[in-house]
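Q: So here's data_7.txt, just compact mmCIF, C-alpha atoms:
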```
# COMPACT_ATOMS: atom_id res chain seq x y z
CA MET M 1 69.79 -28.61 -103.20
CA GLU M 2 72.62 -26.84 -104.99
CA ASN M 3 71.97 -23.37 -106.28
CA GLN M 4 72.65 -24.40 -109.88
CA GLU M 5 69.87 -26.99 -109.67
CA VAL M 6 67.57 -24.39 -108.15
CA ALA M 7 68.32 -22.03 -111.04
CA GLN M 8 67.41 -24.78 -113.52
CA LYS M 9 64.16 -25.50 -111.72
CA ILE M 10 63.30 -21.80 -111.63
CA GLN M 11 63.83 -21.64 -115.38
CA GLU M 12 61.63 -24.69 -115.95
CA VAL M 13 58.82 -23.30 -113.80
CA ALA M 14 59.13 -19.86 -115.40
CA LYS M 15 59.02 -21.27 -118.92
CA LYS M 16 55.97 -23.34 -118.10
CA LEU M 17 54.12 -20.42 -116.54
CA LEU M 18 54.95 -18.06 -119.40
CA SER M 19 54.20 -20.46 -122.24
CA GLU M 20 50.90 -21.48 -120.68
CA GLY M 21 50.05 -17.79 -120.27
CA LYS M 22 49.40 -18.17 -116.56
CA VAL M 23 51.51 -15.12 -115.78
CA SER M 24 52.59 -12.18 -117.89
CA CYS M 25 55.99 -11.83 -116.30
CA VAL M 26 58.40 -13.70 -114.04
CA ILE M 27 60.54 -11.60 -111.73
CA GLY M 28 63.81 -13.24 -110.84
CA PHE M 29 67.53 -12.64 -111.08
CA GLU M 30 69.99 -12.70 -113.93
CA LYS M 31 73.75 -12.77 -113.90
CA GLY M 32 75.31 -9.36 -113.35
CA THR M 33 78.10 -7.88 -115.43
CA VAL M 34 80.56 -8.38 -112.59
CA PRO M 35 80.72 -11.34 -110.20
CA MET M 36 78.60 -11.28 -107.04
CA ARG M 37 76.26 -8.65 -108.47
CA GLU M 38 73.22 -10.64 -109.55
CA ARG M 39 70.51 -8.25 -110.62
CA PRO M 40 66.73 -8.33 -110.81
CA PHE M 41 65.38 -9.51 -114.12
CA PHE M 42 61.92 -9.44 -115.65
CA ALA M 43 61.26 -12.36 -117.99
CA TYR M 44 58.29 -11.75 -120.32
CA THR M 45 58.81 -14.66 -122.75
CA PRO M 46 59.86 -18.32 -122.33
CA GLU M 47 63.10 -17.47 -124.17
CA GLU M 48 63.93 -14.71 -121.72
CA ALA M 49 63.28 -17.15 -118.90
CA GLU M 50 66.54 -18.88 -119.79
CA ARG M 51 68.43 -15.92 -118.43
CA LEU M 52 67.01 -16.47 -114.96
CA THR M 53 69.53 -17.61 -112.42
CA TRP M 54 69.89 -18.26 -108.72
CA THR M 55 73.03 -17.78 -106.67
CA SER M 56 73.93 -16.76 -103.14
CA PHE M 57 74.27 -13.14 -104.23
CA CYS M 58 70.62 -12.53 -105.10
CA CYS M 59 70.42 -9.84 -102.44
CA ASN M 60 67.69 -7.58 -103.79
CA ASN M 61 64.22 -7.98 -102.38
CA LEU M 62 62.00 -8.80 -105.35
CA ALA M 63 58.79 -7.96 -103.49
CA ASN M 64 59.89 -4.38 -104.11
CA PHE M 65 58.83 -4.59 -107.77
CA LEU M 66 55.31 -5.85 -107.12
CA VAL M 67 54.07 -2.37 -106.23
CA ARG M 68 55.08 -0.90 -109.55
CA ARG M 69 51.96 0.45 -111.17
CA ASP M 70 52.70 -0.90 -114.64
CA LEU M 71 52.85 -4.39 -113.17
CA GLY M 72 49.44 -3.93 -111.57
CA GLU M 73 48.00 -3.49 -115.04
CA ALA M 74 49.94 -6.43 -116.42
CA GLY M 75 47.79 -8.99 -114.65
CA LYS M 76 49.31 -11.87 -112.79
CA VAL M 77 53.05 -11.91 -112.19
CA ALA M 78 55.29 -14.60 -110.77
CA VAL M 79 58.06 -13.76 -108.37
CA VAL M 80 60.97 -15.78 -107.05
CA ALA M 81 60.82 -15.52 -103.28
CA GLN M 82 62.80 -16.87 -100.36
CA GLY M 83 61.65 -16.54 -96.74
CA CYS M 84 62.01 -12.79 -96.21
CA VAL M 85 60.70 -11.85 -99.67
CA SER M 86 57.60 -13.98 -99.15
CA ARG M 87 57.08 -12.24 -95.81
CA ASN M 88 57.26 -8.90 -97.59
CA ILE M 89 54.72 -10.12 -100.16
CA VAL M 90 52.43 -11.02 -97.27
CA GLY M 91 53.02 -7.52 -95.89
CA LEU M 92 52.07 -5.93 -99.20
CA ILE M 93 48.92 -8.05 -99.39
CA LYS M 94 47.99 -6.99 -95.84
CA GLU M 95 48.56 -3.35 -96.72
CA ASN M 96 46.28 -3.77 -99.76
CA GLN M 97 49.01 -2.91 -102.23
CA ILE M 98 48.55 -6.16 -104.15
CA SER M 99 46.09 -9.01 -103.99
CA ARG M 100 46.97 -12.62 -103.36
CA GLU M 101 45.50 -13.64 -106.73
CA GLN M 102 47.82 -11.25 -108.49
CA VAL M 103 51.06 -12.97 -107.52
CA PHE M 104 52.36 -16.42 -108.20
CA VAL M 105 55.03 -17.17 -105.62
CA ILE M 106 57.89 -19.38 -106.77
CA GLY M 107 59.19 -20.26 -103.33
CA VAL M 108 62.84 -21.04 -102.75
CA PRO M 109 64.16 -21.97 -99.30
CA SER M 110 66.91 -19.43 -98.71
CA PRO M 111 70.49 -20.69 -98.83
CA GLY M 112 71.50 -17.62 -96.79
CA MET M 113 72.69 -14.83 -98.98
CA LEU M 114 76.33 -13.78 -98.98
CA ASP M 115 77.85 -10.37 -98.57
CA ARG M 116 80.06 -9.43 -101.50
CA ARG M 117 82.00 -7.00 -99.31
CA LYS M 118 82.87 -9.76 -96.89
CA VAL M 119 84.07 -11.95 -99.76
CA GLN M 120 86.22 -9.12 -101.04
CA ALA M 121 87.65 -8.51 -97.58
CA GLU M 122 88.37 -12.22 -97.25
CA VAL M 123 90.57 -12.40 -100.35
CA GLY M 124 92.05 -8.93 -99.90
CA ALA M 125 90.68 -5.55 -100.91
CA GLU M 126 93.25 -4.94 -103.66
CA LYS M 127 92.53 -8.15 -105.58
CA VAL M 128 90.16 -8.15 -108.53
CA ILE M 129 87.68 -10.99 -108.43
CA THR M 130 86.72 -12.23 -111.87
CA GLU M 131 84.80 -15.39 -111.11
CA VAL M 132 82.90 -16.79 -108.17
CA SER M 133 81.35 -20.22 -108.11
CA GLU M 134 79.74 -22.29 -105.40
CA ASP M 135 80.69 -25.74 -104.25
CA GLY M 136 78.50 -26.99 -101.45
CA GLU M 137 79.38 -25.13 -98.27
CA ASP M 138 82.35 -23.43 -99.91
CA LEU M 139 82.76 -20.56 -102.30
CA ILE M 140 85.46 -20.71 -104.95
CA VAL M 141 86.76 -17.22 -105.63
CA LYS M 142 88.97 -16.77 -108.68
CA GLY M 143 90.89 -13.82 -110.02
CA LYS M 144 94.11 -13.04 -111.81
CA GLY M 145 96.77 -15.25 -110.27
CA PHE M 146 94.80 -16.54 -107.33
CA GLU M 147 92.11 -19.02 -106.42
CA GLU M 148 90.68 -19.32 -102.96
CA ARG M 149 88.12 -21.40 -101.16
CA VAL M 150 86.03 -19.38 -98.73
CA PRO M 151 83.55 -21.07 -96.40
CA ARG M 152 80.04 -19.70 -96.92
CA LYS M 153 79.42 -19.32 -93.20
CA LYS M 154 82.23 -16.77 -92.96
CA VAL M 155 80.82 -14.39 -95.55
CA MET M 156 77.11 -14.63 -94.89
CA ARG M 157 75.15 -11.37 -94.62
CA ASP M 158 74.52 -10.29 -91.03
CA ASN M 159 70.76 -10.50 -91.36
CA CYS M 160 70.88 -13.94 -93.00
CA TYR M 161 72.97 -15.24 -90.16
CA THR M 162 70.20 -14.37 -87.70
CA CYS M 163 67.34 -15.25 -90.06
CA VAL M 164 64.26 -16.72 -88.41
CA GLN M 165 62.34 -17.76 -91.51
CA ARG M 166 64.33 -19.22 -94.38
CA ASN M 167 61.38 -21.02 -95.89
CA PRO M 168 58.75 -19.02 -97.78
CA VAL M 169 55.54 -18.46 -95.82
CA ILE M 170 53.29 -18.42 -98.88
CA VAL M 171 54.02 -20.59 -101.84
CA ASP M 172 52.41 -21.54 -105.13
CA GLU M 173 55.27 -23.71 -106.27
CA LEU M 174 58.12 -24.72 -103.99
CA ILE M 175 61.51 -25.42 -105.45
CA GLY M 176 63.54 -27.95 -103.51
CA ALA M 177 62.75 -29.10 -100.01
CA GLU M 178 62.15 -26.92 -96.98
CA THR M 179 65.23 -26.37 -94.86
CA GLU M 180 66.03 -25.57 -91.26
CA PRO M 181 64.20 -22.32 -90.44
CA THR M 182 67.27 -20.54 -89.02
CA HIS M 183 70.98 -20.22 -89.60
CA GLY M 184 71.81 -20.50 -85.94
CA GLY M 185 72.44 -16.84 -85.10
CA ASN M 186 70.57 -15.32 -82.17
CA ILE M 187 68.74 -12.21 -83.34
CA ASP M 188 68.12 -10.91 -79.80
CA LYS M 189 71.82 -10.79 -79.04
CA VAL M 190 72.89 -8.75 -82.04
CA SER M 191 69.86 -6.74 -83.06
CA ALA M 192 70.51 -3.70 -80.87
CA PRO M 193 74.27 -3.26 -80.53
CA TRP M 194 74.07 0.24 -79.04
CA GLU M 195 71.74 -0.67 -76.22
CA LYS M 196 74.55 -1.33 -73.77
CA LEU M 197 76.14 2.09 -74.31
CA GLN M 198 75.62 5.34 -72.42
CA ALA M 199 73.56 8.09 -74.06
CA ASP M 200 76.52 10.16 -75.29
CA ASP M 201 78.36 7.13 -76.67
CA ARG M 202 75.20 6.01 -78.40
CA TRP M 203 74.94 9.31 -80.16
CA ALA M 204 78.60 9.15 -81.14
CA GLU M 205 78.23 5.63 -82.53
CA PHE M 206 75.03 6.55 -84.32
CA ALA M 207 76.54 9.65 -85.92
CA GLU M 208 79.67 7.77 -86.90
CA ASN M 209 77.75 4.89 -88.43
CA TYR M 210 75.90 7.20 -90.80
CA GLN M 211 78.75 9.66 -91.30
CA THR M 212 79.53 8.49 -94.82
CA CYS M 213 75.92 8.59 -96.02
CA ILE M 214 75.67 10.34 -99.38
CA ARG M 215 71.87 10.54 -99.32
CA CYS M 216 71.42 8.51 -102.48
CA TYR M 217 68.28 6.89 -101.00
CA ALA M 218 69.34 3.46 -102.29
CA CYS M 219 68.24 1.97 -98.97
CA ARG M 220 64.79 3.45 -99.47
CA ASP M 221 64.53 2.39 -103.10
CA ALA M 222 65.66 -1.15 -102.35
CA CYS M 223 63.08 -1.50 -99.59
CA PRO M 224 59.76 -3.21 -100.42
CA LEU M 225 58.08 -1.24 -97.63
CA CYS M 226 58.90 2.14 -99.15
CA TYR M 227 56.25 2.47 -101.85
CA CYS M 228 54.90 5.96 -101.08
CA HIS M 229 54.60 8.00 -104.26
CA VAL M 230 55.99 11.02 -102.49
CA CYS M 231 58.48 10.20 -99.77
CA PHE M 232 58.79 12.50 -96.77
CA VAL M 233 62.35 13.38 -97.80
CA ASP M 234 61.09 14.69 -101.14
CA GLU M 235 58.44 16.89 -99.59
CA ALA M 236 59.37 20.55 -99.68
CA GLN M 237 56.35 22.22 -98.10
CA PRO M 238 56.96 21.68 -95.21
CA GLN M 239 60.45 20.35 -95.51
CA TRP M 240 60.86 17.67 -92.86
CA CYS M 241 64.36 16.86 -93.73
CA GLY M 242 66.95 19.11 -95.39
CA LYS M 243 68.66 17.92 -98.52
CA THR M 244 72.19 18.46 -97.32
CA GLN M 245 74.75 16.03 -95.97
CA ASP M 246 74.70 17.87 -92.69
CA GLU M 247 74.64 15.53 -89.72
CA SER M 248 71.18 16.53 -88.54
CA ASP M 249 69.66 16.02 -92.00
CA VAL M 250 71.26 12.64 -92.54
CA LEU M 251 70.29 11.39 -89.12
CA THR M 252 66.74 12.69 -89.38
CA TYR M 253 66.36 10.80 -92.62
CA HIS M 254 67.64 7.55 -91.15
CA VAL M 255 65.61 7.76 -87.95
CA LEU M 256 62.39 8.47 -89.84
CA ARG M 257 63.05 5.87 -92.50
CA ALA M 258 63.64 3.27 -89.83
CA PHE M 259 60.55 4.38 -87.96
CA HIS M 260 58.38 3.99 -91.04
CA CYS M 261 59.42 0.35 -91.12
CA ALA M 262 58.22 -0.31 -87.56
CA GLY M 263 56.18 -3.49 -87.42
CA ARG M 264 56.66 -4.05 -91.14
CA CYS M 265 60.37 -4.75 -91.55
CA THR M 266 61.21 -8.39 -92.19
CA ASP M 267 64.95 -7.83 -91.78
CA CYS M 268 65.60 -8.87 -95.37
CA GLY M 269 68.80 -6.82 -95.48
CA ALA M 270 68.15 -5.33 -98.92
CA CYS M 271 68.88 -1.83 -97.59
CA GLU M 272 72.26 -2.84 -96.28
CA SER M 273 73.20 -4.71 -99.45
CA ALA M 274 72.10 -1.77 -101.59
CA CYS M 275 74.11 0.85 -99.72
CA PRO M 276 77.02 1.96 -101.91
CA MET M 277 78.92 3.20 -98.88
CA GLY M 278 78.59 -0.02 -96.92
CA ILE M 279 76.74 1.62 -94.04
CA LYS M 280 75.25 -0.75 -91.49
CA VAL M 281 71.72 0.51 -92.14
CA ARG M 282 70.20 -2.31 -90.13
CA ARG M 283 71.56 -0.95 -86.83
CA LEU M 284 68.34 1.07 -86.56
CA THR M 285 65.78 -1.16 -88.24
CA SER M 286 66.77 -4.30 -86.37
CA LYS M 287 66.39 -2.45 -83.08
CA ILE M 288 62.85 -1.46 -84.03
CA GLU M 289 62.14 -4.97 -85.21
CA LYS M 290 63.25 -6.24 -81.81
CA ASP M 291 61.10 -3.70 -79.96
CA ILE M 292 58.02 -4.70 -81.92
CA ARG M 293 58.75 -8.34 -81.19
CA GLU M 294 59.11 -7.67 -77.48
CA MET M 295 56.31 -5.14 -77.04
CA TYR M 296 53.66 -6.62 -79.32
CA GLY M 297 54.86 -10.19 -79.83
CA TYR M 298 54.63 -9.63 -83.56
CA GLN M 299 56.84 -10.53 -86.46
CA ALA M 300 56.01 -8.93 -89.77
CA GLY M 301 54.60 -10.99 -92.62
CA MET M 302 54.54 -14.40 -90.97
CA ASP M 303 50.90 -15.05 -91.91
CA LEU M 304 48.04 -13.41 -93.78
CA GLU M 305 45.62 -13.18 -90.84
CA SER M 306 47.29 -11.32 -87.96
CA LYS M 307 46.88 -7.56 -87.84
CA PRO M 308 49.90 -5.26 -87.96
CA PRO M 309 50.40 -3.81 -84.46
CA MET M 310 50.99 -0.23 -85.57
CA SER M 311 47.66 -0.01 -87.39
CA VAL M 312 45.32 -1.46 -84.80
CA TYR M 313 44.39 -0.37 -81.32
CA ARG M 314 44.15 -2.82 -78.48
CA PRO M 315 43.32 -1.89 -74.89
CA ASP M 316 46.38 -3.81 -73.71
CA ASP M 317 48.83 -1.98 -75.98
CA PRO M 318 51.99 -0.93 -74.13
CA GLN M 319 51.41 2.52 -72.61
CA GLU M 320 53.98 2.86 -69.84
CA PHE M 321 55.53 5.83 -71.60
CA ILE M 322 52.36 7.92 -71.24
CA LYS M 323 51.93 9.86 -68.02
CA MET F 1 59.43 6.82 -81.02
CA LYS F 2 60.78 7.33 -77.54
CA ASN F 3 62.56 4.00 -77.73
CA ILE F 4 64.32 4.80 -80.95
CA LEU F 5 65.38 8.29 -79.88
CA GLU F 6 66.77 6.86 -76.69
CA TYR F 7 68.57 4.22 -78.71
CA VAL F 8 70.38 6.83 -80.79
CA GLY F 9 71.41 8.73 -77.70
CA ILE F 10 68.83 11.44 -77.11
CA GLU F 11 67.97 11.61 -73.42
CA PRO F 12 64.57 9.97 -72.81
CA ASP F 13 63.49 12.81 -70.51
CA ARG F 14 63.42 15.21 -73.45
CA LEU F 15 60.30 13.60 -74.81
CA HIS F 16 57.11 13.35 -72.80
CA PHE F 17 53.70 11.90 -73.49
CA SER F 18 50.62 12.40 -71.35
CA TRP F 19 46.87 12.06 -71.28
CA ILE F 20 44.96 15.00 -69.90
CA SER F 21 41.23 15.53 -70.28
CA SER F 22 39.91 19.04 -70.92
CA ALA F 23 38.54 19.13 -67.38
CA GLU F 24 41.87 18.35 -65.74
CA ALA F 25 43.40 21.82 -65.44
CA GLU F 26 45.25 20.83 -62.31
CA LYS F 27 46.82 17.79 -63.92
CA PHE F 28 47.86 20.01 -66.80
CA GLN F 29 49.54 22.42 -64.43
CA LYS F 30 51.30 19.59 -62.61
CA THR F 31 52.47 17.86 -65.78
CA ALA F 32 53.68 21.11 -67.34
CA THR F 33 55.80 21.79 -64.26
CA GLN F 34 57.16 18.23 -64.29
CA VAL F 35 58.08 18.40 -67.95
CA CYS F 36 59.85 21.73 -67.49
CA GLU F 37 61.79 20.48 -64.49
CA ALA F 38 62.82 17.26 -66.26
CA VAL F 39 64.09 19.15 -69.28
CA ARG F 40 65.72 21.86 -67.16
CA ALA F 41 67.66 19.18 -65.31
CA LEU F 42 69.05 17.88 -68.61
CA GLY F 43 70.39 21.21 -69.79
CA PRO F 44 70.30 22.46 -73.38
CA ALA F 45 69.86 19.97 -76.21
CA GLN F 46 73.12 19.03 -77.92
CA HIS F 47 72.07 16.78 -80.75
CA MET F 48 69.96 16.81 -83.88
CA ILE F 49 69.86 20.61 -84.08
CA LYS F 50 70.32 21.96 -87.54
CA ASP F 51 72.90 24.64 -87.00
CA ILE F 52 72.68 27.12 -89.86
CA ARG F 53 76.01 28.65 -88.89
CA LYS F 54 77.76 25.33 -89.39
CA VAL F 55 76.08 24.48 -92.68
CA ALA F 56 76.47 27.77 -94.50
CA MET O 1 75.44 24.10 -69.33
CA SER O 2 77.63 25.43 -66.53
CA ASP O 3 74.72 26.65 -64.46
CA THR O 4 71.63 24.56 -64.95
CA SER O 5 69.64 26.41 -62.30
CA ASN O 6 69.40 29.47 -64.55
CA PHE O 7 68.83 27.48 -67.69
CA GLN O 8 65.46 28.23 -69.28
CA PRO O 9 64.63 25.35 -71.61
CA ARG O 10 62.38 25.76 -74.60
CA ILE O 11 59.72 23.10 -74.77
CA ALA O 12 57.39 22.44 -77.67
CA ALA O 13 54.05 21.16 -76.42
CA PHE O 14 51.79 19.47 -78.93
CA LEU O 15 48.35 19.64 -77.37
CA CYS O 16 45.18 18.00 -78.62
CA ASN O 17 42.45 20.56 -79.34
CA TRP O 18 39.84 18.58 -77.41
CA CYS O 19 41.84 17.39 -74.43
CA SER O 20 44.98 19.06 -73.24
CA TYR O 21 44.41 22.32 -75.08
CA GLY O 22 41.12 22.56 -73.23
CA ALA O 23 42.92 21.73 -70.03
CA ALA O 24 45.47 24.47 -70.72
CA ASP O 25 42.64 26.88 -71.37
CA LEU O 26 40.93 25.89 -68.14
CA ALA O 27 44.22 26.20 -66.27
CA GLY O 28 44.50 29.75 -67.58
CA VAL O 29 40.92 30.64 -66.69
CA SER O 30 41.41 29.16 -63.23
CA ARG O 31 44.60 31.24 -62.81
CA LEU O 32 46.74 28.16 -62.18
CA GLN O 33 50.44 28.96 -62.40
CA TYR O 34 52.75 26.88 -64.55
CA PRO O 35 56.18 27.58 -66.09
CA PRO O 36 56.11 29.92 -69.12
CA LEU O 37 58.62 27.73 -70.97
CA VAL O 38 56.02 25.62 -72.70
CA GLN O 39 55.30 26.79 -76.21
CA THR O 40 51.96 25.40 -77.17
CA ILE O 41 51.16 24.06 -80.61
CA ARG O 42 47.53 23.13 -81.00
CA ILE O 43 46.86 20.06 -83.09
CA PRO O 44 43.35 19.06 -84.16
CA CYS O 45 43.65 15.68 -82.47
CA THR O 46 46.51 13.64 -81.05
CA GLY O 47 45.95 11.36 -84.03
CA ARG O 48 47.37 14.17 -86.14
CA MET O 49 50.66 13.75 -84.31
CA SER O 50 53.53 12.36 -86.33
CA PRO O 51 57.09 11.39 -85.45
CA LYS O 52 58.09 13.95 -88.06
CA PHE O 53 56.84 16.75 -85.81
CA ILE O 54 58.96 15.57 -82.91
CA LEU O 55 62.11 15.34 -85.00
CA GLN O 56 61.40 18.66 -86.67
CA ALA O 57 61.04 20.30 -83.26
CA PHE O 58 64.35 18.90 -82.10
CA ARG O 59 65.98 19.96 -85.36
CA LYS O 60 64.78 23.50 -84.83
CA GLY O 61 66.49 23.51 -81.49
CA VAL O 62 63.94 22.93 -78.75
CA ASP O 63 65.22 21.30 -75.59
CA GLY O 64 62.20 19.11 -74.98
CA VAL O 65 59.02 17.91 -76.62
CA TRP O 66 55.76 17.19 -74.83
CA VAL O 67 52.91 15.41 -76.56
CA SER O 68 49.62 15.41 -74.73
CA GLY O 69 46.24 14.02 -75.70
```
Rewrite the structure from the file as structure tokens, please.

A:
Amino acid sequence: MENQEVAQKIQEVAKKLLSEGKVSCVIGFEKGTVPMRERPFFAYTPEEAERLTWTSFCCNNLANFLVRRDLGEAGKVAVVAQGCVSRNIVGLIKENQISREQVFVIGVPSPGMLDRRKVQAEVGAEKVITEVSEDGEDLIVKGKGFEERVPRKKVMRDNCYTCVQRNPVIVDELIGAETEPTHGGNIDKVSAPWEKLQADDRWAEFAENYQTCIRCYACRDACPLCYCHVCFVDEAQPQWCGKTQDESDVLTYHVLRAFHCAGRCTDCGACESACPMGIKVRRLTSKIEKDIREMYGYQAGMDLESKPPMSVYRPDDPQEFIK
Amino acid sequence: MKNILEYVGIEPDRLHFSWISSAEAEKFQKTATQVCEAVRALGPAQHMIKDIRKVA
Amino acid sequence: MSDTSNFQPRIAAFLCNWCSYGAADLAGVSRLQYPPLVQTIRIPCTGRMSPKFILQAFRKGVDGVWVSG
């Protein structure tokens, strides 16, 4: 199904839900002020629902907004969710942040989201893109004095390329038909790029990757797992992590942030899309995701029943590292 | 934790975990010696240290 | 790092009050010799341990961390 049709269907469903009073709010996307920057949108009335859209640049993870306290008081909310977002909703339900009755999941099989930076690189960094539209497996990029067709496959986000669950895992209303579960990339091959390096080179790569970090915490704020009211980086007594851009502070932040996502991360890529500096934030989280998969045979948010491995004890938990 | 530190390039022998009951003084002595030797062999830590001299 | 034989590492040892701290105590009472490089931090239980502690220790410049329950 084309994205335009999906957007129409989302609007129809949202209008119906809002006018019947089944939900107080529909969380989706609206068109951004510049191309390829679709932004989260909260529709409270059927009229507002007409602004809802769906394109291949809906990169934010909408599960993020479900833990907002004002929404908890608002009663039932509907949220547009593709595979990874639905997995994060499952995660939030498991962690008792929301209840299943509280959310209405408008499921959309993911088309594979695209990376606006890759699109820009494809047409040339100096060119100003004024319009982007989709035509099947191609993207039509327009700007002053140029028009180019870019194949979607070429500009897909890294995490979408290796996606393992494009279809939503929990659904109240599915839009379109379920698709192939993967995009063909092999997650095991790319998830831990530094594994083959020697210790010193690893450190060099690691430090270089995060060198440009400006500590804006966009990766944390975009992440549906990071809902603590006081984050460890904001704690001052004791101060776990200095507030400078010194290498040790930046790297401490990234290691701990990644570690907090262990066994919970669904590899939705929201952190990487949110980063204003274009840092490959997933280099750490995808490694942890792989470790959890290999050590505990667990993938976050795939169903409502299984227990998260980091919060339960089992006698057969891996323990080779303990003397 | 050990996995991730190793992944970013901190030598795995810098971090040790062990189980010792309160009655196992000898195991404690043995493990303490092992840990010290392992770290001694690696030399001083190079990474992750917040160097005040560099920051200020 | 030129001469590792003389190098005296600093090691932060996080010891559980009920297990390894007791073992350390017993080792002392029994006059068992072990290297003086281990700087003990008593934690109420190994469950109190957090990855933050390990990173904080490394940030403050220790050469090794030992967690024992």

Q: Distance CA of His183 in chain M-CA of Gly112 in chain M, one decimal place?

A: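 Spanning CA of His183 in chain M to CA of Gly112 in chain M is a straight-line distance of 7.7 Å.
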
Q: Set the cut-off to 7 Å and count all atoms listed in the file: what are the residues of chain M that reach chain F? Output as a list of chain:residue names.

A: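 That gives M:Trp194, M:Glu195, M:Ala199, M:Asp200, M:Arg202, M:Trp203, M:Phe206, M:Asp246, M:Ser248, M:Phe321, M:Ile322, M:Lys323 for chain M.
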
Q: Can you spit out the residues from that selection as an mmCIF file, in the frame of the given file, using C-alpha atoms?

A:
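Writing done, so here's result_19.cif:
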```
data_model
loop_
_atom_site.group_PDB
_atom_site.id
_atom_site.type_symbol
_atom_site.label_atom_id
_atom_site.label_comp_id
_atom_site.auth_asym_id
_atom_site.auth_seq_id
_atom_site.Cartn_x
_atom_site.Cartn_y
_atom_site.Cartn_z
ATOM 1 C CA TRP M 194 74.070 0.240 -79.040
ATOM 2 C CA GLU M 195 71.740 -0.670 -76.220
ATOM 3 C CA ALA M 199 73.560 8.090 -74.060
ATOM 4 C CA ASP M 200 76.520 10.160 -75.290
ATOM 5 C CA ARG M 202 75.200 6.010 -78.400
ATOM 6 C CA TRP M 203 74.940 9.310 -80.160
ATOM 7 C CA PHE M 206 75.030 6.550 -84.320
ATOM 8 C CA ASP M 246 74.700 17.870 -92.690
ATOM 9 C CA SER M 248 71.180 16.530 -88.540
ATOM 10 C CA PHE M 321 55.530 5.830 -71.600
ATOM 11 C CA ILE M 322 52.360 7.920 -71.240
ATOM 12 C CA LYS M 323 51.930 9.860 -68.020
#
```

Q: Skip range 135-141 of chain M itself and residues of its chain fewer than 4 positions away, then list as a PyMOL selection string all residues within 10 Å of it, counting all atoms listed in the file.

A: chain M and resi 1-4+35+56+111+114+119-120+122-123+129-131+146-155

Q: Got time to write the residues from that selection, C-alpha atoms, as a PDB file, keeping the file's coordinate frame?

A:
```pdb
ATOM      1  CA  MET M   1      69.790 -28.610-103.200  1.00  0.00           C
ATOM      2  CA  GLU M   2      72.620 -26.840-104.990  1.00  0.00           C
ATOM      3  CA  ASN M   3      71.970 -23.370-106.280  1.00  0.00           C
ATOM      4  CA  GLN M   4      72.650 -24.400-109.880  1.00  0.00           C
ATOM      5  CA  PRO M  35      80.720 -11.340-110.200  1.00  0.00           C
ATOM      6  CA  SER M  56      73.930 -16.760-103.140  1.00  0.00           C
ATOM      7  CA  PRO M 111      70.490 -20.690 -98.830  1.00  0.00           C
ATOM      8  CA  LEU M 114      76.330 -13.780 -98.980  1.00  0.00           C
ATOM      9  CA  VAL M 119      84.070 -11.950 -99.760  1.00  0.00           C
ATOM     10  CA  GLN M 120      86.220  -9.120-101.040  1.00  0.00           C
ATOM     11  CA  GLU M 122      88.370 -12.220 -97.250  1.00  0.00           C
ATOM     12  CA  VAL M 123      90.570 -12.400-100.350  1.00  0.00           C
ATOM     13  CA  ILE M 129      87.680 -10.990-108.430  1.00  0.00           C
ATOM     14  CA  THR M 130      86.720 -12.230-111.870  1.00  0.00           C
ATOM     15  CA  GLU M 131      84.800 -15.390-111.110  1.00  0.00           C
ATOM     16  CA  PHE M 146      94.800 -16.540-107.330  1.00  0.00           C
ATOM     17  CA  GLU M 147      92.110 -19.020-106.420  1.00  0.00           C
ATOM     18  CA  GLU M 148      90.680 -19.320-102.960  1.00  0.00           C
ATOM     19  CA  ARG M 149      88.120 -21.400-101.160  1.00  0.00           C
ATOM     20  CA  VAL M 150      86.030 -19.380 -98.730  1.00  0.00           C
ATOM     21  CA  PRO M 151      83.550 -21.070 -96.400  1.00  0.00           C
ATOM     22  CA  ARG M 152      80.040 -19.700 -96.920  1.00  0.00           C
ATOM     23  CA  LYS M 153      79.420 -19.320 -93.200  1.00  0.00           C
ATOM     24  CA  LYS M 154      82.230 -16.770 -92.960  1.00  0.00           C
ATOM     25  CA  VAL M 155      80.820 -14.390 -95.550  1.00  0.00           C
TER      26      VAL M 155
END
```

Q: Using all atoms listed in the file, find each residue in chain M having at least one atom no more than 8 Å away from chain O; report its shortest atom-to-atom pair and that distance in Å (one decimal), rows by chain then rising number, as a tab-separated table.

A:
```
residue	atom	partner	partner_atom	distance
M:Trp240	CA	O:Gln56	CA	6.3
M:Cys241	CA	O:Gln56	CA	7.9
M:Ser248	CA	O:Arg59	CA	7.0
M:Thr252	CA	O:Leu55	CA	6.9
M:Leu256	CA	O:Lys52	CA	7.2
```

Q: Enumerate, as a list in words, the protein, DNA and RNA residues whose atoms approach (50.5, -18.2, -99.3) to within 8 Å, taking into account only C-alpha atoms and the coordinate frame of the file.

A: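 I get Val90, Arg100, Val105, Val169, Ile170, Val171, Asp172 and Leu304 of chain M for the residues within 8 Å of that point.
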